[in-house]
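Worksheet for the structure shown next.
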Amino acid sequence: MKSFRYEYGASPVHLLVAITSLVVSAWALSQVLDVLATPGRFLLWFLGAIVLHDLVFLPLYSLLDRGAAGALTRGDQPSRLRIAALNHLRIPVLLSGLMLLVWYPLVLGKAAAGFENTTGLSTDVYLERWLALTAVLLVGSALLLAVRARRLREH
Amino acid sequence: MDDARRPPSPPLPDAGPFRRSFWRSPLRGPWLASFLSSALLPLIVVCALTGFLSHAAYNPGVGSNALFDEGVDLYFFDWPTGPTWLYALTQGLHIITGLGAIPILLAKLWAVIPQLFERPAVRSVAHALERLGLALLVGGSLFVFATGVLNIQIYYPFGFSFVPAHYFASFIFLAALTFHVVTKVGVMRAAFRESGVLRPLRGDLAHTEPEPGLEGRHTSAPAPAAAAPPTMTRRLLLGTVGVGSAALAAMGIGQVVGGPVRNLALLAPRGENFGDGPNDFQVNKTAEGAGIPMDKVGADWRLTLEVGEKRVVLTRDELLGMEQVTADLPIACVEGWSTTQSWTGVRLSELARMAGTAEGAEMQVVSVQPAGVLRQATLTGDQVAAEDSLLALKVNGADLSLDHGFPARIIVPALPGVHNTKWVEKMVWEAKDSASMPSPSGAA
């Protein structure tokens, strides 16, 4: 038992679960590559999703956040007001960005032709709705900051 | 694990993201990752179960409903015909939990990203398998969520068939998730023992310290080695994630519940209202979208009941002359929206009786629609026999509109929307003998 742990790096149960999981994945992968007319596109999207998220999307929003944080909270001891201002910018932008990420085909009209032909509905409303939502979030957050500012300045 | 033999591992530089001190957020750590996971897991479990239920709801065992030729449709029972809102509920939950999980998944990936760059890249065989599993977990989760979200917006930039890709990728995702949960449940327990389940939510900014880290454990979410001063409490971060999750879930709920609640679905694909007329409700596919030839749904339209060689042909007026039944039933779409309407028409059981079919026989419905997998669907014997299963001619007291399937459409309780075939032209049963009797082997 000890020597198994030494050679493998974890318990036999770990190995059993690992093998079962990988066998199921391999089965599903072989099925889907067999069924699809364009198996290469499946692999491209599967691996592309990892690369795009981990090496493009996440670094990009982290850099944007670091840029905003750098601009608003310079110095060793940023005031509570400046930190609050950063969050009153961060949070509406984050929520608005999340909505755009999920609904961009409708908001940016990417889905327009197929969507209208299929559902009988227009995608025209979505850009306005997203812009309005973004405006409400930003303005609401700014107003809330203005209300809080006096109290924060006292500290 | 440190005493394990180390397999060959690529040499990674002690620089950039590979350096522990590169990751400076004081919020990252095993507690944060565990907290997000415990919110994410129930949503994924519900989403997965309802996803597989949806597969069963299409009755892959009868007619040519099966998704795949190779017999890899997994389901264990015939889909019931009640309660009427069953599929609206299960598929609504699928989309609502799926949408709600997205912000939590993204936050979770943010919380553990430093571990992508851990050094050494491989500590042991076990660790190598875990990392392979994590690649499948991250790829699988992003893949199923992305394809699902694009599908409900009827946007197909991916260039492969959605249903099999989403279906099989979910096996990869769930297999990898199971492996991950088994290997990490100890870390979660240790993190909650160390920090408490909710205690880190209470600290204000002055008390937002980096997590202590877990003694003697390699975790996917180590506390930072050189933390920057906090600009946000854990409560604020998780509250924001929660608001995003709730907002997306609310949009999903709006699409399912309908009525005035539909207005919640601000950015969701079925958040628009049509109007107040009898036919003003959501359309899965318009007549134009389905390519319905106008000459085949005009005055010359006939319904053919086909049993083996036998034919019964009915005009729309003849159908209207039969006993009319009204039922309030939802159209519940796989895309996660539904709308309940009052349908009037002839019972399917009455048409089956008229055609002279065997009791409880399956029935194939064929549409005027010239092409597409869903131009036909097969209903089980139970679905044909159900009280409220209709060949609807009217909705809310008016003739069906062309987009809702004029001259006649199927409406069956608890059946996925697209199997309620529109623009019906033919109902087909196998000949009585061949349906009910085993083939006489060797009798020739």
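Every chain in the structure tokens has a letter given in the order shown (A, B, ...), and although residue numbers restart at 1 in each chain, ligands are simply numbered from 1 in the order shown.
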If we count only C-alpha atoms, which residues of chain A reach to within 8 Å of chain B? Please list them as an MDAnalysis selection string.
chainID A and resid 5:10 14:15 17:18 21:22 24:26 28:29 31:32 35:39 41:42 45:47 49:50 54 58 83 87 91 95 98:99 102:103 105:107 110:111 114:115 117:121 126 129:130
Using only C-alpha atoms, which residues sit within 9 Å of Glu211 (chain B) once same-chain residues fewer than 5 positions away are excluded, as a list of chain:residue names?
B:Pro26, B:Leu27, B:Arg28, B:Gly29, B:Pro30, B:Trp31, B:Leu32, B:Ser195, B:Pro200, B:Pro222, B:Ala223, B:Pro224
Write the selection just made, keeping N, CA and C atoms, as a compact mmCIF listing (two decimals), in the first residue's frame?
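The result, stored in part29.txt:
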```txt
# COMPACT_ATOMS: atom_id res chain seq x y z
N PRO B 26 -5.84 38.94 -2.79
CA PRO B 26 -5.94 38.34 -1.46
C PRO B 26 -7.21 37.51 -1.27
N LEU B 27 -8.10 37.56 -2.25
CA LEU B 27 -9.37 36.84 -2.08
C LEU B 27 -9.28 35.38 -2.49
N ARG B 28 -8.35 35.07 -3.40
CA ARG B 28 -8.25 33.68 -3.86
C ARG B 28 -7.78 32.78 -2.74
N GLY B 29 -8.29 31.56 -2.75
CA GLY B 29 -7.84 30.60 -1.76
C GLY B 29 -8.78 29.42 -1.71
N PRO B 30 -8.44 28.40 -0.96
CA PRO B 30 -9.26 27.18 -0.94
C PRO B 30 -10.69 27.41 -0.43
N TRP B 31 -10.86 28.35 0.53
CA TRP B 31 -12.23 28.59 1.00
C TRP B 31 -13.09 29.17 -0.13
N LEU B 32 -12.54 30.18 -0.84
CA LEU B 32 -13.32 30.81 -1.91
C LEU B 32 -13.71 29.78 -2.97
N SER B 195 -11.73 27.64 7.91
CA SER B 195 -12.24 29.01 7.83
C SER B 195 -13.70 29.14 8.23
N PRO B 200 -15.84 33.74 6.49
CA PRO B 200 -15.13 34.72 5.65
C PRO B 200 -16.05 35.74 4.98
N PRO B 222 -4.47 27.57 -4.09
CA PRO B 222 -3.63 27.95 -2.97
C PRO B 222 -3.87 29.41 -2.61
N ALA B 223 -3.69 29.73 -1.34
CA ALA B 223 -3.73 31.13 -0.96
C ALA B 223 -2.53 31.82 -1.60
N PRO B 224 -2.64 33.11 -1.91
CA PRO B 224 -1.55 33.80 -2.62
C PRO B 224 -0.28 33.88 -1.77
```
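In this model, the gap between CA of Ile95 (chain B) and CA of Gly336 (chain B) comes to 5.4 Å.
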Tell me, as a ChimeraX atom specification, which residues lie within 9 Å of region 49-65 of chain B, counting only C-alpha atoms; anything in the same chain fewer than 4 positions away does not count.
/B:44-45,73-80,87,90-94,167,334,362-364,373-374,376-380,414-416,419
Could you check which of B:Glu323, B:Asn263, B:Ala190, B:Ala392 is closest to Met251 (chain B), using only C-alpha atoms?
B:Asn263
Selection: 9 Å around Val368 (chain B), only C-alpha atoms, excl. self and same-chain fewer than 4 positions, as a ChimeraX atom specification:
/B:292-293,296-297,375,422-426
Separation of CA of Trp429 (chain B) from CA of Thr357 (chain B), in Å and rounded to one decimal:
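Pair CA of Trp429 (chain B) / CA of Thr357 (chain B) returns 7.0 Å.
Relative to CA of Ile96 (chain B), CA of Val418 (chain B) is found at 19.7 Å.
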Skipping near chain neighbours, those fewer than 4 positions away, what residues fall within 7 Å of Arg82 (chain A) using only C-alpha atoms, listed as a PDB file with C-alpha atoms, in the first residue's frame?
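Below is the file out23.pdb, written as the result:
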```
ATOM      1  CA  LEU A  72      -8.283  54.906  -9.018  1.00  0.00           C
ATOM      2  CA  THR A  73      -6.345  53.607  -6.038  1.00  0.00           C
ATOM      3  CA  PRO A  78      -5.678  54.521  -0.977  1.00  0.00           C
ATOM      4  CA  LEU A  86     -13.328  51.502  -7.788  1.00  0.00           C
TER       5      LEU A  86
END
```
So that I can see what lies close to His88 (chain A), please list as JSON, numbers by chain the residues with an atom at most 10 Å from it, counting only C-alpha atoms and leaving out residues fewer than 5 positions away in the same chain.
{"A": [82, 83, 93, 137, 138, 139, 140, 141, 142, 143, 144, 145]}
Please write the residues from the selection above to a file, keeping N, CA and C atoms, as a PDB file, in the first residue's frame.
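And here is the file that came out, part-v6.pdb:
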```pdb
ATOM      1  N   ARG A  82     -11.704  56.199  -2.462  1.00  0.00           N
ATOM      2  CA  ARG A  82     -11.172  55.748  -3.755  1.00  0.00           C
ATOM      3  C   ARG A  82     -11.444  54.249  -3.963  1.00  0.00           C
ATOM      4  N   ILE A  83     -11.308  53.492  -2.912  1.00  0.00           N
ATOM      5  CA  ILE A  83     -11.598  52.055  -3.032  1.00  0.00           C
ATOM      6  C   ILE A  83     -13.080  51.838  -3.344  1.00  0.00           C
ATOM      7  N   VAL A  93     -19.907  47.402 -14.303  1.00  0.00           N
ATOM      8  CA  VAL A  93     -19.242  46.982 -15.541  1.00  0.00           C
ATOM      9  C   VAL A  93     -19.207  45.460 -15.622  1.00  0.00           C
ATOM     10  N   LEU A 137     -27.378  50.537 -14.488  1.00  0.00           N
ATOM     11  CA  LEU A 137     -26.400  50.016 -13.522  1.00  0.00           C
ATOM     12  C   LEU A 137     -25.338  51.065 -13.204  1.00  0.00           C
ATOM     13  N   LEU A 138     -24.800  51.710 -14.246  1.00  0.00           N
ATOM     14  CA  LEU A 138     -23.724  52.691 -14.038  1.00  0.00           C
ATOM     15  C   LEU A 138     -24.239  53.915 -13.282  1.00  0.00           C
ATOM     16  N   VAL A 139     -25.376  54.430 -13.708  1.00  0.00           N
ATOM     17  CA  VAL A 139     -25.915  55.637 -13.076  1.00  0.00           C
ATOM     18  C   VAL A 139     -26.346  55.326 -11.647  1.00  0.00           C
ATOM     19  N   GLY A 140     -27.016  54.183 -11.481  1.00  0.00           N
ATOM     20  CA  GLY A 140     -27.449  53.785 -10.142  1.00  0.00           C
ATOM     21  C   GLY A 140     -26.265  53.648  -9.200  1.00  0.00           C
ATOM     22  N   SER A 141     -25.215  53.032  -9.699  1.00  0.00           N
ATOM     23  CA  SER A 141     -24.022  52.823  -8.889  1.00  0.00           C
ATOM     24  C   SER A 141     -23.358  54.163  -8.546  1.00  0.00           C
ATOM     25  N   ALA A 142     -23.329  55.074  -9.529  1.00  0.00           N
ATOM     26  CA  ALA A 142     -22.724  56.391  -9.298  1.00  0.00           C
ATOM     27  C   ALA A 142     -23.528  57.170  -8.263  1.00  0.00           C
ATOM     28  N   LEU A 143     -24.849  57.107  -8.355  1.00  0.00           N
ATOM     29  CA  LEU A 143     -25.695  57.817  -7.384  1.00  0.00           C
ATOM     30  C   LEU A 143     -25.470  57.258  -5.979  1.00  0.00           C
ATOM     31  N   LEU A 144     -25.378  55.946  -5.911  1.00  0.00           N
ATOM     32  CA  LEU A 144     -25.158  55.306  -4.616  1.00  0.00           C
ATOM     33  C   LEU A 144     -23.816  55.745  -4.029  1.00  0.00           C
ATOM     34  N   LEU A 145     -22.822  55.868  -4.903  1.00  0.00           N
ATOM     35  CA  LEU A 145     -21.503  56.325  -4.447  1.00  0.00           C
ATOM     36  C   LEU A 145     -21.588  57.752  -3.916  1.00  0.00           C
TER      37      LEU A 145
END
```
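Counting only C-alpha atoms and comparing B:Arg19, B:Ile104, B:Ser34, B:Lys310, the residue that lies closest to Arg189 (chain B) is B:Ser34.
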Give the helix (DSSP H, G or I) residues of region 10-231 of chain B, as assigned by DSSP on the backbone, as a PyMOL selection string.
chain B and resi 16-18+20-22+30-57+86-117+125-152+162-195+199-201+205-207
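Nearest residue to Gly259 (chain B) among B:Gln341, B:Thr326, B:Thr97, B:Thr208 is B:Gln341, counting only C-alpha atoms.
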